>>> print(open('upload_38.txt').read())   # compact mmCIF, C-alpha atoms
# COMPACT_ATOMS: atom_id res chain seq x y z
CA MET A 1 17.39 132.93 5.15
CA PRO A 2 19.70 132.39 8.14
CA TYR A 3 19.02 129.11 9.92
CA VAL A 4 18.94 130.93 13.28
CA ILE A 5 15.45 132.34 12.54
CA GLY A 6 13.13 129.70 13.94
CA ALA A 7 10.04 130.85 12.06
CA ASP A 8 11.76 130.12 8.75
CA LEU A 9 12.63 126.51 9.57
CA PRO A 10 10.55 123.71 7.99
CA ASP A 11 7.72 122.37 10.12
CA ALA A 12 7.64 118.88 8.59
CA PRO A 13 10.41 116.37 9.42
CA ALA A 14 13.03 115.87 6.74
CA GLY A 15 11.86 112.32 6.03
CA GLU A 16 8.35 113.49 5.27
CA ARG A 17 9.67 116.22 3.00
CA PHE A 18 11.88 113.70 1.20
CA ARG A 19 8.92 111.38 0.66
CA ALA A 20 6.83 114.28 -0.67
CA LEU A 21 9.50 115.03 -3.28
CA LEU A 22 9.23 111.44 -4.49
CA ASP A 23 5.47 111.83 -4.84
CA ARG A 24 6.05 114.32 -7.64
CA PRO A 25 5.93 112.95 -11.20
CA GLN A 26 9.51 113.90 -12.16
CA ILE A 27 12.73 112.16 -11.16
CA LEU A 28 14.37 113.49 -7.99
CA GLN A 29 17.84 114.80 -8.81
CA MET A 30 20.31 114.88 -5.91
CA PRO A 31 23.85 116.18 -6.41
CA GLY A 32 26.53 115.29 -3.92
CA ALA A 33 26.85 117.99 -1.26
CA HIS A 34 28.49 116.84 1.95
CA LEU A 35 29.66 120.27 3.16
CA GLY A 36 27.63 123.28 4.21
CA ILE A 37 29.02 125.50 1.45
CA ALA A 38 28.31 122.83 -1.16
CA ALA A 39 24.74 122.52 0.14
CA LEU A 40 24.24 126.27 -0.27
CA LEU A 41 25.57 126.22 -3.83
CA ALA A 42 23.41 123.23 -4.78
CA LYS A 43 20.35 124.93 -3.31
CA LYS A 44 21.19 128.11 -5.23
CA ALA A 45 21.29 126.02 -8.42
CA GLY A 46 17.72 124.89 -7.72
CA PHE A 47 18.08 121.35 -6.39
CA PRO A 48 15.33 120.34 -3.91
CA ALA A 49 17.32 117.60 -2.12
CA LEU A 50 20.94 116.61 -1.59
CA TYR A 51 23.06 113.47 -1.42
CA MET A 52 25.81 112.87 1.14
CA SER A 53 28.38 110.32 0.01
CA GLY A 54 30.39 108.26 2.44
CA ALA A 55 33.24 108.29 -0.08
CA ALA A 56 33.18 112.09 -0.19
CA MET A 57 33.09 112.40 3.59
CA SER A 58 35.93 109.87 3.95
CA ALA A 59 38.06 111.56 1.30
CA THR A 60 37.53 114.97 2.90
CA MET A 61 38.93 113.46 6.09
CA GLY A 62 41.89 112.12 4.10
CA LEU A 63 40.66 108.53 4.34
CA PRO A 64 39.74 105.84 1.80
CA ASP A 65 36.13 104.69 1.46
CA LEU A 66 36.62 101.43 3.35
CA GLY A 67 34.06 101.83 6.11
CA MET A 68 36.47 103.62 8.46
CA ILE A 69 34.34 106.63 9.37
CA THR A 70 31.89 106.50 12.26
CA VAL A 71 28.27 107.43 12.89
CA ASP A 72 29.43 110.52 14.79
CA ASP A 73 31.67 111.59 11.89
CA VAL A 74 28.73 111.39 9.50
CA CYS A 75 26.35 113.19 11.87
CA TRP A 76 28.78 116.10 12.02
CA TYR A 77 28.49 116.42 8.22
CA ILE A 78 24.70 115.97 8.28
CA ARG A 79 24.19 118.75 10.81
CA GLN A 80 26.16 121.30 8.80
CA VAL A 81 24.46 120.43 5.50
CA VAL A 82 20.94 120.51 6.98
CA ARG A 83 21.67 123.70 8.89
CA ALA A 84 23.12 125.45 5.84
CA ALA A 85 20.51 124.59 3.21
CA GLY A 86 17.44 123.29 5.04
CA LEU A 87 16.95 120.69 2.30
CA PRO A 88 16.21 117.00 2.89
CA ALA A 89 19.37 114.95 2.47
CA LEU A 90 19.86 111.32 1.51
CA VAL A 91 22.81 110.03 3.53
CA ASP A 92 25.09 107.10 2.77
CA GLY A 93 24.80 104.72 5.74
CA ASP A 94 27.36 102.24 4.38
CA THR A 95 26.74 98.84 6.00
CA GLY A 96 25.02 100.32 9.06
CA TYR A 97 28.21 100.35 11.18
CA GLY A 98 27.50 96.87 12.52
CA GLU A 99 24.52 94.61 13.02
CA ALA A 100 20.91 95.29 14.03
CA LEU A 101 21.50 97.41 17.14
CA ASN A 102 24.19 99.43 15.39
CA VAL A 103 21.83 100.03 12.47
CA MET A 104 19.11 101.19 14.84
CA HIS A 105 21.56 103.55 16.54
CA MET A 106 22.57 104.91 13.13
CA VAL A 107 18.95 105.57 12.17
CA ARG A 108 18.20 107.39 15.41
CA ALA A 109 21.42 109.40 15.18
CA PHE A 110 20.84 110.35 11.53
CA GLU A 111 17.25 111.42 12.21
CA GLU A 112 18.31 113.50 15.19
CA ALA A 113 21.00 115.16 13.05
CA GLY A 114 18.33 116.10 10.47
CA ALA A 115 18.71 113.56 7.65
CA GLY A 116 15.74 112.84 5.38
CA ALA A 117 16.78 109.44 4.03
CA VAL A 118 19.47 106.80 4.35
CA HIS A 119 20.68 103.96 2.18
CA LEU A 120 22.04 100.78 3.66
CA GLU A 121 24.12 98.33 1.61
CA ASP A 122 24.55 94.56 1.61
CA GLN A 123 28.34 94.41 1.68
CA LEU A 124 30.51 93.07 4.47
CA LEU A 125 33.19 95.14 6.18
CA PRO A 126 35.69 96.23 5.07
CA LYS A 127 33.35 97.53 2.37
CA LYS A 128 34.35 99.06 -0.96
CA CYS A 129 33.00 101.61 -3.38
CA GLY A 130 30.27 99.84 -5.33
CA HIS A 131 32.15 100.27 -8.60
CA LEU A 132 35.28 98.43 -7.47
CA ASN A 133 36.15 94.75 -7.78
CA ASP A 134 35.73 91.76 -5.45
CA LYS A 135 33.12 93.13 -3.07
CA LYS A 136 32.09 90.75 -0.29
CA LEU A 137 28.35 90.40 0.10
CA ALA A 138 26.48 89.78 3.32
CA ASP A 139 24.01 86.93 3.52
CA ALA A 140 20.75 88.25 2.12
CA ARG A 141 18.85 87.28 5.28
CA ASP A 142 21.34 89.17 7.46
CA MET A 143 20.88 92.26 5.30
CA ALA A 144 17.11 91.89 5.51
CA ALA A 145 17.42 91.80 9.29
CA LYS A 146 19.32 95.11 9.15
CA VAL A 147 16.59 96.64 6.98
CA ALA A 148 13.93 95.46 9.42
CA ALA A 149 15.93 96.95 12.30
CA ALA A 150 16.21 100.28 10.46
CA ARG A 151 12.48 100.29 9.80
CA LYS A 152 11.76 99.65 13.48
CA ALA A 153 14.08 102.45 14.60
CA ARG A 154 12.87 105.17 12.25
CA LYS A 155 10.17 107.72 12.93
CA HIS A 156 10.23 109.37 9.51
CA LEU A 157 13.59 108.53 7.86
CA TYR A 158 13.13 107.17 4.33
CA ILE A 159 14.98 103.84 4.02
CA ILE A 160 16.65 102.75 0.80
CA ALA A 161 18.23 99.29 0.56
CA ARG A 162 21.24 99.08 -1.72
CA THR A 163 22.30 95.81 -3.29
CA ASP A 164 25.73 95.24 -4.82
CA ALA A 165 24.78 91.75 -5.97
CA ALA A 166 24.60 92.31 -9.71
CA ALA A 167 28.38 91.94 -10.13
CA SER A 168 28.63 88.55 -8.42
CA GLU A 169 25.12 87.06 -8.41
CA GLY A 170 23.79 88.49 -11.66
CA MET A 171 20.45 90.14 -12.30
CA ASP A 172 18.47 87.27 -10.77
CA GLY A 173 20.43 87.54 -7.53
CA ALA A 174 20.09 91.33 -7.36
CA VAL A 175 16.33 91.19 -7.97
CA ALA A 176 15.82 88.42 -5.42
CA ARG A 177 17.73 90.38 -2.80
CA ALA A 178 15.82 93.57 -3.60
CA LYS A 179 12.48 91.82 -3.13
CA LEU A 180 13.63 90.38 0.20
CA TYR A 181 14.71 93.83 1.39
CA LEU A 182 11.38 95.34 0.37
CA ASP A 183 9.56 92.64 2.33
CA ALA A 184 11.76 93.52 5.32
CA GLY A 185 10.60 97.14 5.21
CA ALA A 186 12.71 99.11 2.72
CA ASP A 187 10.94 102.04 1.07
CA ALA A 188 13.06 101.93 -2.10
CA ILE A 189 15.88 100.02 -3.78
CA PHE A 190 19.31 101.12 -5.00
CA PRO A 191 20.82 98.62 -7.50
CA GLU A 192 24.51 99.52 -7.47
CA ALA A 193 27.06 99.31 -10.29
CA LEU A 194 24.81 98.25 -13.16
CA THR A 195 26.96 98.34 -16.25
CA SER A 196 24.62 99.12 -19.14
CA ARG A 197 21.42 100.90 -20.08
CA GLU A 198 19.90 97.48 -20.70
CA MET A 199 20.66 96.35 -17.13
CA PHE A 200 18.98 99.43 -15.69
CA ALA A 201 15.96 98.81 -17.88
CA GLU A 202 15.73 95.13 -16.96
CA PHE A 203 16.03 95.77 -13.23
CA ALA A 204 13.25 98.38 -13.37
CA LYS A 205 11.04 96.08 -15.45
CA ARG A 206 11.41 93.35 -12.84
CA MET A 207 10.61 95.72 -9.97
CA PRO A 208 7.29 97.26 -11.05
CA GLY A 209 5.90 99.97 -8.80
CA VAL A 210 9.11 100.19 -6.73
CA LYS A 211 10.96 103.47 -6.20
CA LEU A 212 14.46 102.99 -7.61
CA LEU A 213 17.67 104.98 -7.16
CA ALA A 214 20.32 105.30 -9.90
CA ASN A 215 23.94 106.22 -9.20
CA MET A 216 25.59 108.36 -11.87
CA THR A 217 29.18 108.33 -10.70
CA GLU A 218 32.09 109.14 -12.97
CA PHE A 219 35.02 106.79 -13.62
CA GLY A 220 32.99 103.75 -12.59
CA ARG A 221 31.14 100.89 -14.26
CA THR A 222 27.94 102.76 -15.17
CA PRO A 223 27.76 104.49 -18.57
CA PHE A 224 26.93 108.18 -18.65
CA LEU A 225 23.17 108.67 -18.59
CA THR A 226 21.20 111.84 -17.92
CA ALA A 227 18.46 112.27 -15.35
CA THR A 228 15.91 112.27 -18.17
CA GLU A 229 17.27 108.98 -19.48
CA PHE A 230 17.15 107.36 -16.04
CA GLU A 231 13.58 108.59 -15.61
CA ALA A 232 12.58 107.03 -18.93
CA LEU A 233 14.09 103.73 -17.74
CA GLY A 234 11.87 103.75 -14.65
CA TYR A 235 14.03 105.38 -11.94
CA ALA A 236 12.61 107.77 -9.36
CA MET A 237 15.92 109.16 -8.05
CA VAL A 238 19.42 109.84 -9.33
CA ILE A 239 22.57 110.89 -7.48
CA TRP A 240 25.93 112.33 -8.54
CA PRO A 241 27.81 111.34 -5.37
CA VAL A 242 31.38 112.62 -5.64
CA SER A 243 31.28 114.93 -8.68
CA HIS A 244 31.51 118.10 -6.58
CA LEU A 245 34.50 116.75 -4.67
CA ARG A 246 36.33 115.72 -7.84
CA VAL A 247 35.90 119.22 -9.30
CA ALA A 248 36.90 120.94 -6.05
CA ASN A 249 39.94 118.69 -5.56
CA ARG A 250 41.21 119.41 -9.07
CA ALA A 251 40.75 123.15 -8.51
CA MET A 252 42.65 123.03 -5.19
CA GLU A 253 45.41 120.96 -6.75
CA GLU A 254 45.84 123.55 -9.52
CA LEU A 255 45.80 126.41 -7.02
CA TYR A 256 48.52 124.89 -4.85
CA ALA A 257 50.63 124.22 -7.94
CA THR A 258 50.19 127.85 -9.02
CA ILE A 259 51.27 129.19 -5.62
CA ARG A 260 54.24 126.86 -5.53
CA GLU A 261 55.33 127.79 -9.05
CA THR A 262 54.69 131.55 -9.01
CA GLY A 263 54.84 132.47 -5.34
CA GLY A 264 51.33 133.94 -5.43
CA THR A 265 47.71 133.53 -6.46
CA MET A 266 47.35 136.21 -9.16
CA ALA A 267 47.21 133.64 -11.97
CA ALA A 268 44.27 131.90 -10.27
CA LEU A 269 42.05 134.91 -9.55
CA ASP A 270 39.77 134.30 -12.53
CA ARG A 271 38.88 130.88 -11.09
CA MET A 272 37.96 132.19 -7.64
CA GLN A 273 34.73 133.40 -6.10
CA THR A 274 35.22 137.01 -5.12
CA ARG A 275 34.78 137.99 -1.48
CA ALA A 276 31.42 139.54 -2.39
CA GLN A 277 30.27 136.34 -4.11
CA LEU A 278 31.32 134.21 -1.15
CA TYR A 279 29.51 136.49 1.29
CA GLU A 280 26.40 136.36 -0.88
CA THR A 281 26.55 132.55 -0.91
CA ILE A 282 26.76 132.23 2.88
CA GLY A 283 24.33 135.08 3.58
CA TYR A 284 26.93 137.09 5.45
CA HIS A 285 24.99 140.35 5.51
CA GLU A 286 21.75 138.61 6.48
CA TYR A 287 23.40 137.18 9.56
CA GLU A 288 25.14 140.45 10.28
CA ALA A 289 21.81 142.32 10.20
CA LEU A 290 20.48 140.15 13.04
CA ASP A 291 22.92 141.64 15.56
CA ALA A 292 22.55 145.36 16.16
CA SER A 293 26.04 145.52 17.69
CA LEU A 294 27.59 144.80 14.29
CA VAL A 295 28.36 147.61 11.88
CA LYS A 296 27.48 146.60 8.34
CA THR A 297 30.56 145.34 6.53
CA VAL A 298 31.79 147.19 3.47
CA VAL A 299 33.24 144.61 1.12
CA PRO A 300 36.48 145.67 -0.61
CA GLU A 301 35.98 145.81 -4.35
CA GLY A 302 39.60 145.36 -5.31
CA MET A 303 43.14 145.10 -4.06
CA PRO A 304 45.70 147.86 -3.98
CA GLN A 305 48.39 147.32 -6.57
CA GLY A 306 51.91 148.03 -5.33
>>> encode(input="upload_38.txt", output="structure tokens")
Amino acid sequence: MPYVIGADLPDAPAGERFRALLDRPQILQMPGAHLGIAALLAKKAGFPALYMSGAAMSATMGLPDLGMITVDDVCWYIRQVVRAAGLPALVDGDTGYGEALNVMHMVRAFEEAGAGAVHLEDQLLPKKCGHLNDKKLADARDMAAKVAAARKARKHLYIIARTDAAASEGMDGAVARAKLYLDAGADAIFPEALTSREMFAEFAKRMPGVKLLANMTEFGRTPFLTATEFEALGYAMVIWPVSHLRVANRAMEELYATIRETGGTMAALDRMQTRAQLYETIGYHEYEALDASLVKTVVPEGMPQG
């Protein structure tokens, strides 16, 4: 239903709805969806929650994922995703955009924008994608202070602490950091860039009773595992952060090449949503029906051929 109908909006805050999804027995599957249209398509596919990747937001702005985007940039994306789909979203909070006060500002801003959860990582700026080399880690106590600040600032936002320590400090270092972050107030842990099924299993075994997030990104260090496999290993959540953007980017690249080569789009029509399908996705007619001054649109079924 259109988001402009107040009676149809959720009564419970997004953080409470996110937590309720984790109370279910099955793993929570969250595809990347950082744009309103992507959120609608993911909801149509049946997903109950969404993930918003900092890398995807940065790339959409034409920027690398090096911690360059701001809290306000991210809130702009959060508002459109929440407005479009009404689903609780887990948002990438990078390093918190600074120290304790910056983290607290981020939490308040994300909650006000409608986010359900955030993850905060223990890298130093300039940060990198978790699956790249030579990441610089913050002191574990400094990261714990950020987690404590986030916990103090939140009303309902679910807080996930991410650790990138496995690559440089090994499993012992990653587990020690995770336990420190839990003590500081994290609700769940995100062990980033584990490189084998055995590592995922060991981390889960050493964190009994803790909600864990798995990252199933392509072209990284983690082997391909399904949601069912992650669940069997002890994980409560799984994300596919940038998959939607990779697919969309390839499609746009091919479209532009087609136009450049042929002078038109005819050869790409079979890969497009029709106008009717797009309007159905965005609820065009449902919005239109709310304003009596609008005459119902008749969607063209085809194009005249010259």
>>> atom_distance(input="upload_38.txt", atom1="CA of Leu290 (chain A)", atom2="CA of Gly6 (chain A)")
12.8 Å
>>> atom_distance(input="upload_38.txt", atom1="CA of Leu66 (chain A)", atom2="CA of Ala153 (chain A)")
25.2 Å
>>> atom_distance(input="upload_38.txt", atom1="CA of Pro241 (chain A)", atom2="CA of Asp65 (chain A)")
12.7 Å
>>> residues_around(input="upload_38.txt", residues="Gly185 (chain A)", least_positions_apart="4", cutoff="8 Å", atoms="all atoms listed in the file", output="number ranges by chain")
A: 147-148, 151, 181
>>> closest_atom_pairs(input="upload_38.txt", of="region 203-222 of chain A", to="region 7-30 of chain A", cutoff="12 Å", atoms="only C-alpha atoms", output="JSON lines")
{"residue": "A:Val210", "atom": "CA", "partner": "A:Leu22", "partner_atom": "CA", "distance": 11.5}
{"residue": "A:Lys211", "atom": "CA", "partner": "A:Leu22", "partner_atom": "CA", "distance": 8.3}
{"residue": "A:Leu212", "atom": "CA", "partner": "A:Ile27", "partner_atom": "CA", "distance": 10.0}
{"residue": "A:Leu213", "atom": "CA", "partner": "A:Leu28", "partner_atom": "CA", "distance": 9.2}
{"residue": "A:Ala214", "atom": "CA", "partner": "A:Gln29", "partner_atom": "CA", "distance": 9.9}
{"residue": "A:Asn215", "atom": "CA", "partner": "A:Met30", "partner_atom": "CA", "distance": 9.9}
{"residue": "A:Met216", "atom": "CA", "partner": "A:Met30", "partner_atom": "CA", "distance": 10.3}
>>> write_last_selection(input="upload_38.txt", atoms="C-alpha atoms", output="compact mmCIF listing (two decimals), keeping the file's coordinate frame")
# COMPACT_ATOMS: atom_id res chain seq x y z
CA VAL A 210 9.11 100.19 -6.73
CA LYS A 211 10.96 103.47 -6.20
CA LEU A 212 14.46 102.99 -7.61
CA LEU A 213 17.67 104.98 -7.16
CA ALA A 214 20.32 105.30 -9.90
CA ASN A 215 23.94 106.22 -9.20
CA MET A 216 25.59 108.36 -11.87
>>> residues_around(input="upload_38.txt", residues="region 39-49 of chain A", least_positions_apart="5", cutoff="6 Å", atoms="only C-alpha atoms", output="count of residues only")
7
>>> closest_residue(input="upload_38.txt", among="A:Arg108, A:Arg141, A:His244, A:Arg206", to="Met57 (chain A)", atoms="all atoms listed in the file")
A:His244
>>> residues_around(input="upload_38.txt", residues="Glu111 (chain A)", least_positions_apart="3", cutoff="9 Å", atoms="all atoms listed in the file", output="number ranges by chain")
A: 13-15, 106-108, 114-117, 154-157
>>> closest_residue(input="upload_38.txt", among="A:Leu182, A:Leu233, A:Ile78, A:Met68", to="Val118 (chain A)", atoms="all atoms listed in the file")
A:Ile78
>>> closest_residue(input="upload_38.txt", among="A:Ala248, A:Ile282, A:Met199, A:Ala204", to="Ala236 (chain A)", atoms="only C-alpha atoms")
A:Ala204
>>> residues_around(input="upload_38.txt", residues="Met266 (chain A)", least_positions_apart="5", cutoff="12 Å", atoms="all atoms listed in the file", output="list of chain:residue names")
A:Leu255, A:Thr258, A:Ile259, A:Glu261, A:Arg271, A:Met272, A:Met303, A:Gln305
>>> residues_near_point(input="upload_38.txt", point="(14.0, 105.3, -1.8)", cutoff="6 Å", atoms="all atoms listed in the file", output="VMD selection string")
chain A and resid 160 187 to 189 211
>>> write_last_selection(input="upload_38.txt", atoms="C-alpha atoms", output="compact mmCIF listing (two decimals), keeping the file's coordinate frame")
# COMPACT_ATOMS: atom_id res chain seq x y z
CA ILE A 160 16.65 102.75 0.80
CA ASP A 187 10.94 102.04 1.07
CA ALA A 188 13.06 101.93 -2.10
CA ILE A 189 15.88 100.02 -3.78
CA LYS A 211 10.96 103.47 -6.20
>>> closest_residue(input="upload_38.txt", among="A:Arg177, A:Arg250, A:His105, A:Lys152", to="Asp122 (chain A)", atoms="all atoms listed in the file")
A:Arg177
>>> closest_residue(input="upload_38.txt", among="A:Met104, A:His34, A:Met61, A:Phe200", to="Cys75 (chain A)", atoms="only C-alpha atoms")
A:His34
>>> residues_near_point(input="upload_38.txt", point="(32.1, 116.9, -14.2)", cutoff="12 Å", atoms="only C-alpha atoms", output="NGL selection string")
:A and (31-32 or 216-219 or 224 or 240-250)
>>> closest_residue(input="upload_38.txt", among="A:Leu225, A:Met171, A:Ala144, A:Ala166", to="Asp183 (chain A)", atoms="all atoms listed in the file")
A:Ala144
>>> residues_around(input="upload_38.txt", residues="Leu120 (chain A)", least_positions_apart="5", cutoff="6 Å", atoms="only C-alpha atoms", output="list in words")
Gly93, Asp94, Thr95, Ala161 and Arg162 of chain A
